[in-house]
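Containing mmCIF, C-alpha atoms and all ligand atoms: structure_30.cif.
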data_structure
#
loop_
_atom_site.label_atom_id
_atom_site.label_comp_id
_atom_site.auth_asym_id
_atom_site.auth_seq_id
_atom_site.Cartn_x
_atom_site.Cartn_y
_atom_site.Cartn_z
CA MET A 136 0.00 0.00 0.00
CA PRO A 137 1.60 3.31 -1.03
CA GLY A 138 1.77 5.87 1.77
CA THR A 139 4.20 7.40 4.24
CA TYR A 140 5.57 5.85 7.42
CA LYS A 141 7.79 7.02 10.27
CA ASP A 142 10.39 4.79 11.85
CA GLU A 143 13.97 4.73 13.05
CA GLY A 144 16.68 2.59 11.56
CA ILE A 145 20.37 1.78 11.29
CA VAL A 146 22.05 2.12 7.88
CA LEU A 147 23.41 -1.30 6.91
CA LYS A 148 24.80 -0.42 3.50
CA THR A 149 24.33 1.87 0.54
CA ILE A 150 24.83 1.36 -3.18
CA LYS A 151 24.98 3.94 -5.96
CA LEU A 152 21.95 4.42 -8.14
CA GLY A 153 22.23 6.49 -11.31
CA GLU A 154 24.09 9.82 -11.17
CA ALA A 155 23.17 11.21 -7.78
CA ASP A 156 21.08 8.72 -5.83
CA ARG A 157 21.71 5.78 -3.56
CA ILE A 158 19.75 2.73 -2.52
CA VAL A 159 20.08 2.53 1.25
CA THR A 160 19.53 -0.74 3.11
CA LEU A 161 18.17 0.10 6.54
CA PHE A 162 17.44 -2.13 9.47
CA THR A 163 14.44 -0.42 11.02
CA ARG A 164 12.91 -0.89 14.45
CA ASP A 165 9.33 -1.40 13.28
CA HIS A 166 9.54 -2.49 9.65
CA GLY A 167 12.58 -4.75 9.75
CA LYS A 168 15.02 -4.58 6.87
CA VAL A 169 13.99 -2.08 4.22
CA ARG A 170 15.61 -0.90 1.01
CA ALA A 171 14.86 2.68 0.08
CA VAL A 172 16.08 5.26 -2.40
CA ALA A 173 17.75 8.44 -1.12
CA LYS A 174 17.37 10.91 -3.98
CA GLY A 175 20.19 13.38 -4.62
CA VAL A 176 22.19 12.04 -1.66
CA ARG A 177 25.47 12.08 -3.63
CA LYS A 178 25.15 15.78 -4.58
CA THR A 179 27.40 18.11 -2.55
CA LYS A 180 24.44 20.12 -1.33
CA SER A 181 22.29 17.12 -0.47
CA ARG A 182 19.81 17.74 2.32
CA PHE A 183 20.72 14.32 3.68
CA GLY A 184 24.38 15.28 4.32
CA ALA A 185 25.99 12.55 6.44
CA ARG A 186 22.70 11.31 7.84
CA LEU A 187 22.71 8.12 5.79
CA GLU A 188 26.29 7.02 6.40
CA PRO A 189 26.73 3.34 7.30
CA PHE A 190 26.03 2.48 10.98
CA THR A 191 24.19 5.76 11.62
CA ARG A 192 20.97 5.45 13.60
CA THR A 193 18.46 7.79 11.98
CA GLY A 194 14.90 8.90 12.45
CA LEU A 195 13.17 8.41 9.12
CA ILE A 196 10.16 9.35 7.10
CA VAL A 197 9.75 6.97 4.21
CA TYR A 198 7.36 6.92 1.29
CA ARG A 199 6.32 3.41 0.46
CA GLY A 200 6.40 2.91 -3.30
CA ARG A 201 5.21 0.03 -5.43
CA SER A 202 8.67 -1.48 -5.82
CA LEU A 203 11.19 0.56 -3.83
CA ASP A 204 10.54 2.93 -0.94
CA THR A 205 11.89 6.50 -0.94
CA ILE A 206 13.41 8.27 2.05
CA THR A 207 11.80 11.69 2.33
CA SER A 208 13.51 12.76 5.56
CA ALA A 209 16.34 11.54 7.79
CA ASP A 210 17.65 12.87 11.13
CA ILE A 211 20.62 11.59 13.08
CA LEU A 212 19.63 9.97 16.38
CA THR A 213 23.04 8.39 17.11
CA SER A 214 25.92 8.98 14.71
CA PHE A 215 28.26 6.27 16.09
CA HIS A 216 31.13 8.40 14.73
CA ALA A 217 33.48 6.71 17.22
CA VAL A 218 32.88 3.54 15.21
CA ARG A 219 33.64 5.10 11.83
CA ASP A 220 36.75 6.97 13.05
CA ASP A 221 38.72 3.88 14.05
CA TYR A 222 39.71 1.17 11.56
CA ASN A 223 39.32 -1.82 13.91
CA ARG A 224 35.92 -0.64 15.09
CA LEU A 225 34.88 0.11 11.53
CA THR A 226 35.71 -3.39 10.30
CA ALA A 227 33.95 -4.86 13.35
CA ALA A 228 30.84 -2.76 12.61
CA ALA A 229 30.98 -3.90 8.99
CA ALA A 230 30.95 -7.53 10.16
CA VAL A 231 27.98 -6.82 12.47
CA SER A 232 26.08 -5.07 9.65
CA GLU A 233 26.76 -7.79 7.11
CA MET A 234 25.50 -10.48 9.48
CA VAL A 235 22.29 -8.56 10.17
CA ASP A 236 21.81 -7.87 6.47
CA LYS A 237 22.24 -11.53 5.54
CA ILE A 238 20.27 -13.08 8.40
CA THR A 239 17.18 -10.85 8.48
CA PRO A 240 14.40 -11.16 5.91
CA GLU A 241 13.00 -7.98 4.33
CA ARG A 242 10.07 -6.19 5.95
CA GLU A 243 9.82 -8.42 9.00
CA ARG A 244 9.87 -6.63 12.31
CA ALA A 245 12.61 -8.00 14.58
CA ARG A 246 12.78 -5.79 17.65
CA SER A 247 15.14 -8.01 19.66
CA THR A 248 17.59 -8.12 16.77
CA TYR A 249 17.31 -4.35 16.47
CA ALA A 250 18.06 -3.90 20.18
CA LEU A 251 20.97 -6.34 19.90
CA MET A 252 22.46 -4.45 16.97
CA LEU A 253 22.21 -1.11 18.79
CA ALA A 254 23.89 -2.63 21.85
CA GLY A 255 26.62 -4.12 19.65
CA LEU A 256 27.35 -0.81 17.91
CA GLN A 257 27.37 0.98 21.26
CA ALA A 258 29.84 -1.58 22.63
CA LEU A 259 32.10 -0.93 19.62
CA ALA A 260 31.76 2.84 20.08
CA ASP A 261 32.72 2.37 23.74
CA GLY A 262 35.86 0.48 22.72
CA LYS A 263 34.85 -2.83 24.26
CA GLY A 264 37.29 -4.71 22.07
CA ALA A 265 37.70 -7.73 19.90
CA THR A 266 35.15 -9.96 21.64
CA VAL A 267 32.25 -7.75 20.52
CA VAL A 268 32.04 -9.35 17.05
CA PRO A 269 31.96 -13.00 18.21
CA ALA A 270 29.64 -12.09 21.10
CA PHE A 271 27.32 -10.34 18.65
CA ALA A 272 27.53 -13.24 16.18
CA VAL A 273 26.68 -15.95 18.69
CA LYS A 274 23.81 -13.91 20.19
CA LEU A 275 22.42 -13.08 16.74
CA LEU A 276 22.59 -16.71 15.59
CA SER A 277 20.85 -17.84 18.75
CA LEU A 278 18.13 -15.19 18.36
CA SER A 279 17.60 -16.01 14.67
CA GLY A 280 16.88 -19.71 15.01
CA TYR A 281 20.46 -21.04 14.73
CA HIS A 282 21.23 -21.43 18.43
CA PRO A 283 24.47 -23.44 18.72
CA GLN A 284 24.48 -26.21 21.28
CA LEU A 285 27.46 -25.64 23.57
CA GLU A 286 26.97 -27.77 26.69
CA LEU A 287 26.38 -31.31 25.44
CA CYS A 288 27.63 -32.87 22.22
CA ALA A 289 25.37 -31.78 19.33
CA GLY A 290 25.88 -35.21 17.74
CA CYS A 291 25.30 -37.75 20.54
CA GLU A 292 24.28 -35.58 23.53
CA ALA A 293 27.22 -36.90 25.54
CA ALA A 294 28.63 -34.67 28.26
CA ALA A 295 32.11 -35.84 27.21
CA ARG A 296 35.09 -33.65 26.27
CA LEU A 297 33.91 -31.28 23.54
CA GLY A 298 36.77 -30.85 21.09
CA GLY A 299 35.01 -30.12 17.83
CA PHE A 300 32.48 -27.75 16.33
CA SER A 301 30.03 -28.83 13.65
CA ALA A 302 27.83 -26.45 11.70
CA GLU A 303 25.80 -29.33 10.33
CA LEU A 304 25.07 -30.92 13.71
CA GLY A 305 24.46 -27.50 15.25
CA GLY A 306 27.21 -26.82 17.75
CA ALA A 307 29.98 -28.35 19.81
CA VAL A 308 30.73 -32.05 19.33
CA CYS A 309 32.65 -34.64 21.34
CA ASP A 310 35.92 -36.13 20.07
CA ASP A 311 34.15 -39.28 18.79
CA CYS A 312 31.58 -37.30 16.79
CA TRP A 313 34.30 -34.96 15.54
CA ARG A 314 36.18 -37.98 14.12
CA GLU A 315 33.05 -39.21 12.32
CA GLU A 316 31.80 -35.87 11.13
CA ARG A 317 33.83 -34.76 8.13
CA GLY A 318 32.67 -31.16 8.07
CA ALA A 319 33.43 -30.52 11.75
CA MET A 320 36.34 -28.31 12.79
CA ARG A 321 38.77 -29.00 15.61
CA ILE A 322 38.49 -26.58 18.50
CA GLU A 323 39.82 -26.65 22.06
CA PRO A 324 37.30 -27.18 24.91
CA ASP A 325 38.17 -23.78 26.42
CA ARG A 326 37.08 -22.17 23.11
CA ILE A 327 33.69 -23.86 23.44
CA ALA A 328 33.48 -22.52 26.99
CA LEU A 329 34.34 -19.04 25.67
CA LEU A 330 31.49 -19.28 23.15
CA GLY A 331 29.14 -20.05 26.02
CA ARG A 332 30.43 -17.08 27.98
CA LEU A 333 30.05 -14.74 25.00
CA LEU A 334 26.48 -15.94 24.51
CA SER A 335 25.41 -15.46 28.11
CA SER A 336 27.27 -12.32 29.18
CA ASP A 337 27.08 -8.65 28.19
CA PHE A 338 29.39 -7.18 25.58
CA GLY A 339 32.93 -6.45 26.72
CA CYS A 340 33.92 -9.93 27.90
CA GLU A 341 37.70 -10.26 28.36
CA ALA A 342 39.41 -13.06 26.44
CA ASP A 343 42.75 -14.11 25.08
CA PRO A 344 43.26 -12.64 21.53
CA ARG A 345 44.10 -16.02 20.01
CA ALA A 346 40.98 -17.62 21.52
CA THR A 347 38.88 -14.66 20.36
CA LEU A 348 40.15 -15.08 16.82
CA GLU A 349 39.44 -18.80 16.83
CA VAL A 350 35.88 -18.48 18.10
CA THR A 351 35.25 -15.71 15.56
CA GLN A 352 36.40 -18.07 12.79
CA ALA A 353 34.25 -20.88 14.18
CA LEU A 354 31.18 -18.62 14.17
CA LYS A 355 31.91 -17.44 10.63
CA PHE A 356 32.08 -21.08 9.51
CA TYR A 357 28.85 -21.91 11.38
CA ALA A 358 26.96 -18.85 10.08
CA GLU A 359 28.08 -19.30 6.47
CA TYR A 360 26.94 -22.91 6.53
CA HIS A 361 23.46 -21.99 7.75
CA LEU A 362 23.05 -18.81 5.71
CA GLU A 363 24.50 -20.50 2.61
CA ARG A 364 26.41 -17.35 1.72
CA PRO A 365 29.85 -15.95 2.52
CA LEU A 366 30.43 -13.29 5.19
CA ARG A 367 33.03 -11.25 3.31
CA SER A 368 33.62 -8.54 5.87
CA PHE A 369 34.92 -11.11 8.37
CA GLY A 370 38.01 -11.29 6.16
CA LEU A 371 38.82 -7.68 7.07
CA LEU A 372 38.82 -8.23 10.82
CA PRO A 373 42.24 -7.88 12.47
CA VAL A 374 44.05 -11.21 12.80
CA ALA A 375 45.03 -10.77 16.46
ZN ZN B 1 29.22 -36.87 20.36
#
How would this structure read if it were set down as structure tokens?
Ligand SMILES: [Zn+2]
Amino acid sequence: MPGTYKDEGIVLKTIKLGEADRIVTLFTRDHGKVRAVAKGVRKTKSRFGARLEPFTRTGLIVYRGRSLDTITSADILTSFHAVRDDYNRLTAAAAVSEMVDKITPERERARSTYALMLAGLQALADGKGATVVPAFAVKLLSLSGYHPQLELCAGCEAAARLGGFSAELGGAVCDDCWREERGAMRIEPDRIALLGRLLSSDFGCEADPRATLEVTQALKFYAEYHLERPLRSFGLLPVA
């Protein structure tokens, strides 16, 4: 139904359209993921200015068109400039955005995911470090129907030593299941414990850089398997 709606949203990405416009992918609080045209946004005197930069939280008025929506007004609510001004935070925010973009369907309200993304960006802006991305990833997967099993073996339910991680079986696996399951990766039991900690605690968890890197890779592998698409921005994350 054509008409105008008000909402707030976080800019996930933008792509050029024609000479002066952009298509902006927004993750909105009430309408879920939305793609909308920002007309004239690439002109120097654009009324949008920096309001539609990636990771910005904006208040929006959007005209709902037949195919694409059009942004008629945008106001900065939170700029998250501290995220854009630092390379490590920027690449982390890109990983967070790409995951949300690839995991959320269009036009489906997902308030908990929206709240999680805001908390994740705030944690990055506050300099909470390298565990923010894996903590965000494991929480998002859990919230989106891909909860990884981390306490018992996802293959045989044994409470044995968990030394593997299987995307196909849905979480940590014991040494026996790891040996049988070709697609499973090897991972130390303390890494599995770290995944559990990242899932259950607030952002800003302290962890060894090597362990953080390994759990981030494990989550990338797990997410890519379930989403059936690559998470390219994870390749830009610092390698500890
Ligand atoms: Zn097992």
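The coordinates place CA of Leu285 (chain A) at 7.6 Å from CA of Ala328 (chain A).
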Show me which residues are within 12 Å of ligand ZN 1 (chain B) counting all atoms listed in the file, and format the list as a PyMOL selection string. chain A and resi 284-301+304-316+319
Counting all atoms listed in the file, find the residues whose atoms lie at most 12 Å from (29.8, -18.7, 23.8) (file coordinates) and write them out as a VMD selection string. chain A and resid 266 to 277 282 to 286 306 to 307 324 to 338 340 342 346 to 347 349 to 351 353 to 354
re CA of Pro240 (chain A) and CA of Asp142 (chain A): distance 17.5 Å
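Each of A:His361, A:Lys263, A:Lys168, A:Lys151 was compared to Ala227 (chain A) using all atoms listed in the file, and A:Lys263 turns out to be the nearest.
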Provide the CA of Leu259 (chain A) to CA of Arg170 (chain A) distance in Å, to one decimal place. 24.9 Å
Mind filling out region 315-326 of chain A with N, CA and C atoms and sending it as a short mmCIF file (atom, residue, chain, number, x, y, z; two decimals), in the coordinates of the input?
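Saved to part-v7.cif:
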data_model
loop_
_atom_site.label_atom_id
_atom_site.label_comp_id
_atom_site.auth_asym_id
_atom_site.auth_seq_id
_atom_site.Cartn_x
_atom_site.Cartn_y
_atom_site.Cartn_z
N GLU A 315 33.98 -38.67 13.32
CA GLU A 315 33.05 -39.21 12.32
C GLU A 315 32.48 -38.15 11.39
N GLU A 316 32.48 -36.93 11.87
CA GLU A 316 31.80 -35.87 11.13
C GLU A 316 32.82 -35.10 10.29
N ARG A 317 32.79 -35.33 8.98
CA ARG A 317 33.83 -34.76 8.13
C ARG A 317 33.87 -33.24 8.13
N GLY A 318 32.71 -32.62 8.17
CA GLY A 318 32.67 -31.16 8.07
C GLY A 318 33.00 -30.44 9.37
N ALA A 319 33.22 -31.19 10.46
CA ALA A 319 33.43 -30.52 11.75
C ALA A 319 34.84 -29.98 11.87
N MET A 320 35.00 -28.86 12.57
CA MET A 320 36.34 -28.31 12.79
C MET A 320 36.83 -28.69 14.17
N ARG A 321 38.16 -28.71 14.32
CA ARG A 321 38.77 -29.00 15.61
C ARG A 321 38.79 -27.71 16.41
N ILE A 322 38.45 -27.78 17.67
CA ILE A 322 38.49 -26.58 18.50
C ILE A 322 38.72 -27.01 19.95
N GLU A 323 39.51 -26.26 20.68
CA GLU A 323 39.82 -26.65 22.06
C GLU A 323 38.60 -26.46 22.97
N PRO A 324 38.46 -27.31 24.00
CA PRO A 324 37.30 -27.18 24.91
C PRO A 324 37.17 -25.78 25.53
N ASP A 325 38.31 -25.12 25.81
CA ASP A 325 38.17 -23.78 26.42
C ASP A 325 37.58 -22.77 25.43
N ARG A 326 37.70 -23.05 24.13
CA ARG A 326 37.08 -22.17 23.11
C ARG A 326 35.55 -22.34 23.13
#
